[in-house]
Structure formats: structure tokens, C-alpha cells
Amino acid sequence: MDKGKILVVEDESIVAKDITKSLKKMGYTVTATVNSGPKAIDEIENLKPDLVLMDIMLKGKVTGIEVAEEIKNRFRIPVIFLTAYADDKTLSKAKITEPYGYIIKPFKEKELNTTIETTLYKHQKDEEVRKERDMYSSVIENKETKDSIFVRADYRLNKIDFDDIFYVEALKDYVVINTSDNSYTTHSTMKEMVRILPKKDFVRIHRSFIVNINKIYSIKYPDLVLEEKMKVLPIGGLYRKELYSRLNLV
């Protein structure tokens, strides 16, 4: 089974052959092996690999670090640096390109495989988060004219009307959006949800909770009760003043 497509950028032919042999043995497809930065960019445009193994110290006018910087700016493809130099100066320059990892030459196949598998997995998750944030950003830009959001959960996009949301709860790297008859767990943050939800209808009452003001049934500090669900939520001391200022008190 093909585990992924990899472009090898290495100007030492013997090393390039060894890497290619190891990658094929591990089940990866090597789209090409090139020995310069310009060739690497051409191959990325034509073959669209899943990952690039890049020698930091390429010979010629363009260094591996410079090529990685261009890959970062133009493509969303992860780069792993191959290097025989682990000195602080070289690595400091390389950090600017935000590589997914480093492999010190001479490498071991197990190390190479582990680094690649970890990188591909992390990049997949990063892309999922980016797509969700792009979706949220689109909602934010148009939220004044929107009355709903689409939430990615259970491998699909679910439309949720703002009026149907009772409360949002933080759950580590996720949030749970609770409606009258369902709940949706999605990868986001409370800060992002505060930005997305209409301010006139929603207020944060605790570091772990945002509520729909229109769904509040009663308040007796330090607790708040939501109508229909009769769900009791805590009110954080830092959020009490903001909550009370948003209510029509008589």
C-alpha cells in the first residue's frame, strides 16, 4: 500500500539513492530525486508530493533553507530537513521555515520512517484545523447577516441556528456546542467561539462556558440555570460583572 508521495532533494547522489531505496522499502512512492532548489520547485508544481525531504546544505546559489522558505510561502507541503550539520547556527536559520522535523545524516531507517509518519499525521491534523478556521473566519466576516453556523462534526458539516444554541462548553482542544436536542463536538477554542457567536445573544460566564442569554431561566450566584434543559452551569468570578451588565435588570 502506498503510504505517501515524497520528493527527495539531495545533491549527493549516493545519499539520494540510499534514501530512495529506504523510502521504497518502507512503502513510500518517491516522486523524484533532484539536486537543486529550482528543480525541487518545478517538481512540486508538477507532481504535488505529500512531503519533501530537503538537504539543508544544497550546493549552488540556493540553499535548502531558502527552498524550504519558498515551499512554505507557496505550497502547503511539509518539509523535513536532512542535515549532517547539527550546529546551532544552521538550525537557527532553518527554524524560520518552520520545518516538521530534522534527520541527521547518516540516518537509520527506523528514525526516517518514524519522522515521516509523524510528520504526515501532524500535517493532516494541521490541515483539518486550518480548514475549520478558514470556515470560521468566513462566518466571522459575514456574521452580521448570518443567523447560523456550519460546524464540522461526525465527518460532516452541520448547520446550527444561533437561536438553537443553549450553551458552548470547552473540552481540552475541542468545544461542545449544545442545542435543545443535540450536541456537536468540534476542534476549536472558546476564544474563537466568542468571536463567532453574535455578541448581542451570547456571553461567556466561565472559562469553560458560553451561554445564550435568551435561554437563561434563572441566576443565583454562583449558578445559572438554562430553560428547558434546566441545566445548571457555574458562573466564574471574573465573568460575573460582564454577565450582569448584559441582562435587562429591574
# chains A, B, ... in the order shown; residues from 1 in each chain; ligands from 1

$ residues_around --residues "A:Ile71" --least-positions-apart "6" --cutoff "9 Å" --atoms "only C-alpha atoms" --output "ChimeraX atom specification"
/A:41,44,77-79,97

$ residues_around --residues "A:Glu12" --least-positions-apart "6" --cutoff "10 Å" --atoms "only C-alpha atoms" --output "ChimeraX atom specification"
/A:34-35,55,58-59

$ write_last_selection --atoms "C-alpha atoms" --output "short mmCIF file (atom, residue, chain, number, x, y, z; two decimals), in the first residue's frame"
data_model
loop_
_atom_site.label_atom_id
_atom_site.label_comp_id
_atom_site.auth_asym_id
_atom_site.auth_seq_id
_atom_site.Cartn_x
_atom_site.Cartn_y
_atom_site.Cartn_z
CA VAL A 34 16.57 16.32 -7.52
CA ASN A 35 19.80 18.07 -6.61
CA ASP A 55 19.08 18.67 2.36
CA LEU A 58 22.45 22.17 -1.03
CA LYS A 59 25.27 23.16 -3.34
#

$ residues_around --residues "stretch 192-207 of chain A" --least-positions-apart "6" --cutoff "6 Å" --atoms "only C-alpha atoms" --output "PyMOL selection string"
chain A and resi 140+213+235-236+239

$ closest_residue --among "A:Tyr244, A:Phe166, A:Tyr184, A:Tyr174" --to "A:Lys215" --atoms "only C-alpha atoms"
A:Phe166

$ closest_residue --among "A:His187, A:Lys108, A:Lys229, A:Lys61" --to "A:Lys131" --atoms "only C-alpha atoms"
A:His187

$ closest_residue --among "A:Ala32, A:Ile80, A:Ile210, A:Ile65" --to "A:Tyr100" --atoms "only C-alpha atoms"
A:Ile80

$ residues_around --residues "A:Met54" --least-positions-apart "4" --cutoff "6 Å" --atoms "only C-alpha atoms" --output "JSON, numbers by chain"
{"A": [9, 81, 82]}

$ residues_around --residues "A:Leu51" --least-positions-apart "5" --cutoff "12 Å" --atoms "only C-alpha atoms" --output "ChimeraX atom specification"
/A:3-9,23,28-32,40,43-44,68,71-72,75-81,99-101,115-124

$ select_by_dssp --residues "stretch 26-123 of chain A" --states "strand (DSSP E or B)" --output "PDB file with N, CA and C atoms, in the first residue's frame"
ATOM      1  N   THR A  29       6.185   6.244  -2.101  1.00  0.00           N
ATOM      2  CA  THR A  29       6.481   6.492  -3.508  1.00  0.00           C
ATOM      3  C   THR A  29       7.399   7.698  -3.605  1.00  0.00           C
ATOM      4  N   VAL A  30       8.520   7.545  -4.255  1.00  0.00           N
ATOM      5  CA  VAL A  30       9.437   8.668  -4.463  1.00  0.00           C
ATOM      6  C   VAL A  30       9.080   9.302  -5.803  1.00  0.00           C
ATOM      7  N   THR A  31       8.502  10.493  -5.757  1.00  0.00           N
ATOM      8  CA  THR A  31       8.070  11.156  -6.988  1.00  0.00           C
ATOM      9  C   THR A  31       9.260  11.549  -7.853  1.00  0.00           C
ATOM     10  N   ALA A  32      10.373  11.929  -7.205  1.00  0.00           N
ATOM     11  CA  ALA A  32      11.594  12.297  -7.934  1.00  0.00           C
ATOM     12  C   ALA A  32      12.704  12.541  -6.928  1.00  0.00           C
ATOM     13  N   THR A  33      13.952  12.493  -7.413  1.00  0.00           N
ATOM     14  CA  THR A  33      15.102  12.935  -6.627  1.00  0.00           C
ATOM     15  C   THR A  33      15.777  14.034  -7.432  1.00  0.00           C
ATOM     16  N   VAL A  34      15.962  15.188  -6.825  1.00  0.00           N
ATOM     17  CA  VAL A  34      16.571  16.324  -7.520  1.00  0.00           C
ATOM     18  C   VAL A  34      17.720  16.853  -6.671  1.00  0.00           C
ATOM     19  N   LEU A  51       5.153  15.201   0.834  1.00  0.00           N
ATOM     20  CA  LEU A  51       6.197  15.596   1.773  1.00  0.00           C
ATOM     21  C   LEU A  51       7.508  15.798   1.007  1.00  0.00           C
ATOM     22  N   VAL A  52       8.358  16.694   1.521  1.00  0.00           N
ATOM     23  CA  VAL A  52       9.661  16.940   0.906  1.00  0.00           C
ATOM     24  C   VAL A  52      10.763  16.655   1.920  1.00  0.00           C
ATOM     25  N   LEU A  53      11.704  15.792   1.529  1.00  0.00           N
ATOM     26  CA  LEU A  53      12.924  15.587   2.305  1.00  0.00           C
ATOM     27  C   LEU A  53      13.985  16.489   1.696  1.00  0.00           C
ATOM     28  N   MET A  54      14.472  17.455   2.474  1.00  0.00           N
ATOM     29  CA  MET A  54      15.305  18.521   1.928  1.00  0.00           C
ATOM     30  C   MET A  54      16.668  18.593   2.616  1.00  0.00           C
ATOM     31  N   ASP A  55      17.730  18.477   1.837  1.00  0.00           N
ATOM     32  CA  ASP A  55      19.078  18.674   2.365  1.00  0.00           C
ATOM     33  C   ASP A  55      19.252  20.163   2.680  1.00  0.00           C
ATOM     34  N   VAL A  79       7.973  19.962   5.151  1.00  0.00           N
ATOM     35  CA  VAL A  79       9.387  19.752   4.828  1.00  0.00           C
ATOM     36  C   VAL A  79      10.098  19.142   6.037  1.00  0.00           C
ATOM     37  N   ILE A  80      10.888  18.104   5.765  1.00  0.00           N
ATOM     38  CA  ILE A  80      11.794  17.545   6.771  1.00  0.00           C
ATOM     39  C   ILE A  80      13.209  17.782   6.271  1.00  0.00           C
ATOM     40  N   PHE A  81      14.034  18.369   7.123  1.00  0.00           N
ATOM     41  CA  PHE A  81      15.408  18.654   6.722  1.00  0.00           C
ATOM     42  C   PHE A  81      16.319  17.448   6.939  1.00  0.00           C
ATOM     43  N   LEU A  82      17.171  17.212   5.950  1.00  0.00           N
ATOM     44  CA  LEU A  82      18.263  16.251   6.071  1.00  0.00           C
ATOM     45  C   LEU A  82      19.530  17.059   6.285  1.00  0.00           C
ATOM     46  N   THR A  83      20.291  16.718   7.283  1.00  0.00           N
ATOM     47  CA  THR A  83      21.488  17.516   7.532  1.00  0.00           C
ATOM     48  C   THR A  83      22.597  16.702   8.189  1.00  0.00           C
ATOM     49  N   GLY A 101      10.535  18.610  10.944  1.00  0.00           N
ATOM     50  CA  GLY A 101      11.497  17.780  11.636  1.00  0.00           C
ATOM     51  C   GLY A 101      12.871  17.828  11.000  1.00  0.00           C
ATOM     52  N   TYR A 102      13.821  17.189  11.659  1.00  0.00           N
ATOM     53  CA  TYR A 102      15.204  17.106  11.189  1.00  0.00           C
ATOM     54  C   TYR A 102      15.653  15.651  11.257  1.00  0.00           C
ATOM     55  N   ILE A 103      16.422  15.232  10.281  1.00  0.00           N
ATOM     56  CA  ILE A 103      17.045  13.913  10.310  1.00  0.00           C
ATOM     57  C   ILE A 103      18.538  14.108  10.090  1.00  0.00           C
ATOM     58  N   ILE A 104      19.307  13.643  11.044  1.00  0.00           N
ATOM     59  CA  ILE A 104      20.762  13.812  10.980  1.00  0.00           C
ATOM     60  C   ILE A 104      21.383  12.676  10.170  1.00  0.00           C
TER      61      ILE A 104
END

$ residues_around --residues "A:Met230" --least-positions-apart "2" --cutoff "12 Å" --atoms "only C-alpha atoms" --output "JSON, numbers by chain"
{"A": [166, 167, 180, 215, 216, 217, 218, 219, 223, 224, 225, 226, 227, 228, 232, 233]}

$ write_last_selection --atoms "C-alpha atoms" --output "mmCIF file, in the first residue's frame"
data_model
loop_
_atom_site.group_PDB
_atom_site.id
_atom_site.type_symbol
_atom_site.label_atom_id
_atom_site.label_comp_id
_atom_site.auth_asym_id
_atom_site.auth_seq_id
_atom_site.Cartn_x
_atom_site.Cartn_y
_atom_site.Cartn_z
ATOM 1 C CA PHE A 166 -28.129 26.843 24.537
ATOM 2 C CA TYR A 167 -24.505 26.809 25.598
ATOM 3 C CA SER A 180 -32.052 21.674 22.676
ATOM 4 C CA LYS A 215 -32.000 30.763 27.173
ATOM 5 C CA ILE A 216 -31.272 31.799 30.765
ATOM 6 C CA TYR A 217 -34.027 30.712 33.171
ATOM 7 C CA SER A 218 -32.623 31.921 36.478
ATOM 8 C CA ILE A 219 -29.458 33.089 38.207
ATOM 9 C CA ASP A 223 -25.018 29.203 39.496
ATOM 10 C CA LEU A 224 -27.003 29.832 36.330
ATOM 11 C CA VAL A 225 -29.914 27.691 35.100
ATOM 12 C CA LEU A 226 -30.879 27.335 31.440
ATOM 13 C CA GLU A 227 -34.534 26.974 30.462
ATOM 14 C CA GLU A 228 -35.929 23.737 29.007
ATOM 15 C CA VAL A 232 -27.059 24.275 35.956
ATOM 16 C CA LEU A 233 -23.802 25.976 34.950
#

$ atom_distance --atom1 "atom CA of A:Lys241" --atom2 "atom CA of A:Lys220"
13.7 Å

$ select_by_dssp --residues "stretch 65-118 of chain A" --states "helix (DSSP H, G or I)" --output "PyMOL selection string"
chain A and resi 65-74+88-95+109-118

$ closest_residue --among "A:Thr186, A:Asn73, A:Asp181, A:Val168" --to "A:Tyr155" --atoms "only C-alpha atoms"
A:Thr186

$ residues_around --residues "A:Phe150" --least-positions-apart "6" --cutoff "7 Å" --atoms "only C-alpha atoms" --output "list of chain:residue names"
A:Leu157, A:Asn158, A:Lys159, A:Ile160

$ write_last_selection --atoms "N, CA and C atoms" --output "PDB file, in the first residue's frame"
ATOM      1  N   LEU A 157     -20.516  18.575   7.746  1.00  0.00           N
ATOM      2  CA  LEU A 157     -20.823  19.931   8.179  1.00  0.00           C
ATOM      3  C   LEU A 157     -22.276  19.983   8.629  1.00  0.00           C
ATOM      4  N   ASN A 158     -22.482  20.440   9.842  1.00  0.00           N
ATOM      5  CA  ASN A 158     -23.819  20.502  10.409  1.00  0.00           C
ATOM      6  C   ASN A 158     -24.242  21.962  10.582  1.00  0.00           C
ATOM      7  N   LYS A 159     -25.397  22.316  10.019  1.00  0.00           N
ATOM      8  CA  LYS A 159     -25.902  23.675  10.171  1.00  0.00           C
ATOM      9  C   LYS A 159     -26.593  23.811  11.516  1.00  0.00           C
ATOM     10  N   ILE A 160     -26.208  24.856  12.261  1.00  0.00           N
ATOM     11  CA  ILE A 160     -26.811  25.110  13.569  1.00  0.00           C
ATOM     12  C   ILE A 160     -27.271  26.565  13.618  1.00  0.00           C
TER      13      ILE A 160
END

$ atom_distance --atom1 "atom CA of A:Lys24" --atom2 "atom CA of A:Glu109"
11.2 Å

$ decode --residues "stretch 92-126 of chain A" --atoms "N, CA and C atoms" --output "tab-separated table (two decimals), in the first residue's frame"
chain	number	residue	atom	x	y	z
A	92	SER	N	19.24	27.37	13.69
A	92	SER	CA	18.52	28.63	13.94
A	92	SER	C	17.99	29.22	12.63
A	93	LYS	N	18.81	29.14	11.59
A	93	LYS	CA	18.36	29.62	10.28
A	93	LYS	C	17.21	28.76	9.75
A	94	ALA	N	17.32	27.46	9.97
A	94	ALA	CA	16.31	26.53	9.46
A	94	ALA	C	14.97	26.71	10.17
A	95	LYS	N	14.99	27.10	11.44
A	95	LYS	CA	13.75	27.24	12.21
A	95	LYS	C	12.79	28.25	11.60
A	96	ILE	N	13.33	29.22	10.90
A	96	ILE	CA	12.50	30.28	10.30
A	96	ILE	C	11.48	29.68	9.33
A	97	THR	N	11.85	28.59	8.68
A	97	THR	CA	10.96	27.97	7.69
A	97	THR	C	9.94	27.03	8.33
A	98	GLU	N	10.03	26.86	9.64
A	98	GLU	CA	9.10	26.01	10.39
A	98	GLU	C	9.01	24.59	9.82
A	99	PRO	N	10.14	23.89	9.73
A	99	PRO	CA	10.12	22.50	9.23
A	99	PRO	C	9.41	21.59	10.21
A	100	TYR	N	8.96	20.45	9.73
A	100	TYR	CA	8.27	19.49	10.60
A	100	TYR	C	9.26	18.59	11.34
A	101	GLY	N	10.54	18.61	10.94
A	101	GLY	CA	11.50	17.78	11.64
A	101	GLY	C	12.87	17.83	11.00
A	102	TYR	N	13.82	17.19	11.66
A	102	TYR	CA	15.20	17.11	11.19
A	102	TYR	C	15.65	15.65	11.26
A	103	ILE	N	16.42	15.23	10.28
A	103	ILE	CA	17.04	13.91	10.31
A	103	ILE	C	18.54	14.11	10.09
A	104	ILE	N	19.31	13.64	11.04
A	104	ILE	CA	20.76	13.81	10.98
A	104	ILE	C	21.38	12.68	10.17
A	105	LYS	N	22.18	13.04	9.17
A	105	LYS	CA	22.90	12.04	8.37
A	105	LYS	C	24.19	11.63	9.06
A	106	PRO	N	24.57	10.36	9.03
A	106	PRO	CA	23.84	9.24	8.42
A	106	PRO	C	22.64	8.84	9.28
A	107	PHE	N	21.54	8.52	8.65
A	107	PHE	CA	20.29	8.23	9.36
A	107	PHE	C	20.04	6.73	9.45
A	108	LYS	N	19.15	6.37	10.36
A	108	LYS	CA	18.69	4.99	10.47
A	108	LYS	C	17.29	4.90	9.88
A	109	GLU	N	16.98	3.80	9.22
A	109	GLU	CA	15.68	3.65	8.56
A	109	GLU	C	14.52	3.83	9.54
A	110	LYS	N	14.66	3.30	10.73
A	110	LYS	CA	13.59	3.41	11.71
A	110	LYS	C	13.34	4.87	12.05
A	111	GLU	N	14.40	5.62	12.23
A	111	GLU	CA	14.27	7.05	12.54
A	111	GLU	C	13.61	7.79	11.38
A	112	LEU	N	14.03	7.46	10.17
A	112	LEU	CA	13.47	8.09	8.98
A	112	LEU	C	11.97	7.81	8.88
A	113	ASN	N	11.60	6.55	9.05
A	113	ASN	CA	10.20	6.16	8.95
A	113	ASN	C	9.35	6.82	10.01
A	114	THR	N	9.84	6.83	11.25
A	114	THR	CA	9.09	7.44	12.35
A	114	THR	C	8.87	8.93	12.12
A	115	THR	N	9.93	9.62	11.68
A	115	THR	CA	9.82	11.06	11.46
A	115	THR	C	8.84	11.37	10.34
A	116	ILE	N	8.87	10.58	9.27
A	116	ILE	CA	7.96	10.80	8.15
A	116	ILE	C	6.51	10.52	8.56
A	117	GLU	N	6.28	9.40	9.25
A	117	GLU	CA	4.92	9.06	9.65
A	117	GLU	C	4.36	10.12	10.60
A	118	THR	N	5.18	10.58	11.54
A	118	THR	CA	4.73	11.62	12.48
A	118	THR	C	4.41	12.90	11.75
A	119	THR	N	5.25	13.26	10.79
A	119	THR	CA	5.06	14.49	10.02
A	119	THR	C	3.77	14.44	9.20
A	120	LEU	N	3.55	13.35	8.49
A	120	LEU	CA	2.35	13.22	7.67
A	120	LEU	C	1.09	13.28	8.52
A	121	TYR	N	1.14	12.66	9.68
A	121	TYR	CA	-0.03	12.67	10.58
A	121	TYR	C	-0.27	14.09	11.11
A	122	LYS	N	0.79	14.73	11.57
A	122	LYS	CA	0.66	16.08	12.12
A	122	LYS	C	0.18	17.06	11.06
A	123	HIS	N	0.71	16.93	9.85
A	123	HIS	CA	0.31	17.82	8.77
A	123	HIS	C	-1.17	17.63	8.42
A	124	GLN	N	-1.63	16.39	8.43
A	124	GLN	CA	-3.04	16.12	8.17
A	124	GLN	C	-3.92	16.82	9.20
A	125	LYS	N	-3.53	16.72	10.48
A	125	LYS	CA	-4.30	17.36	11.53
A	125	LYS	C	-4.22	18.90	11.42
A	126	ASP	N	-3.06	19.41	11.07
A	126	ASP	CA	-2.90	20.85	10.90
A	126	ASP	C	-3.81	21.36	9.78
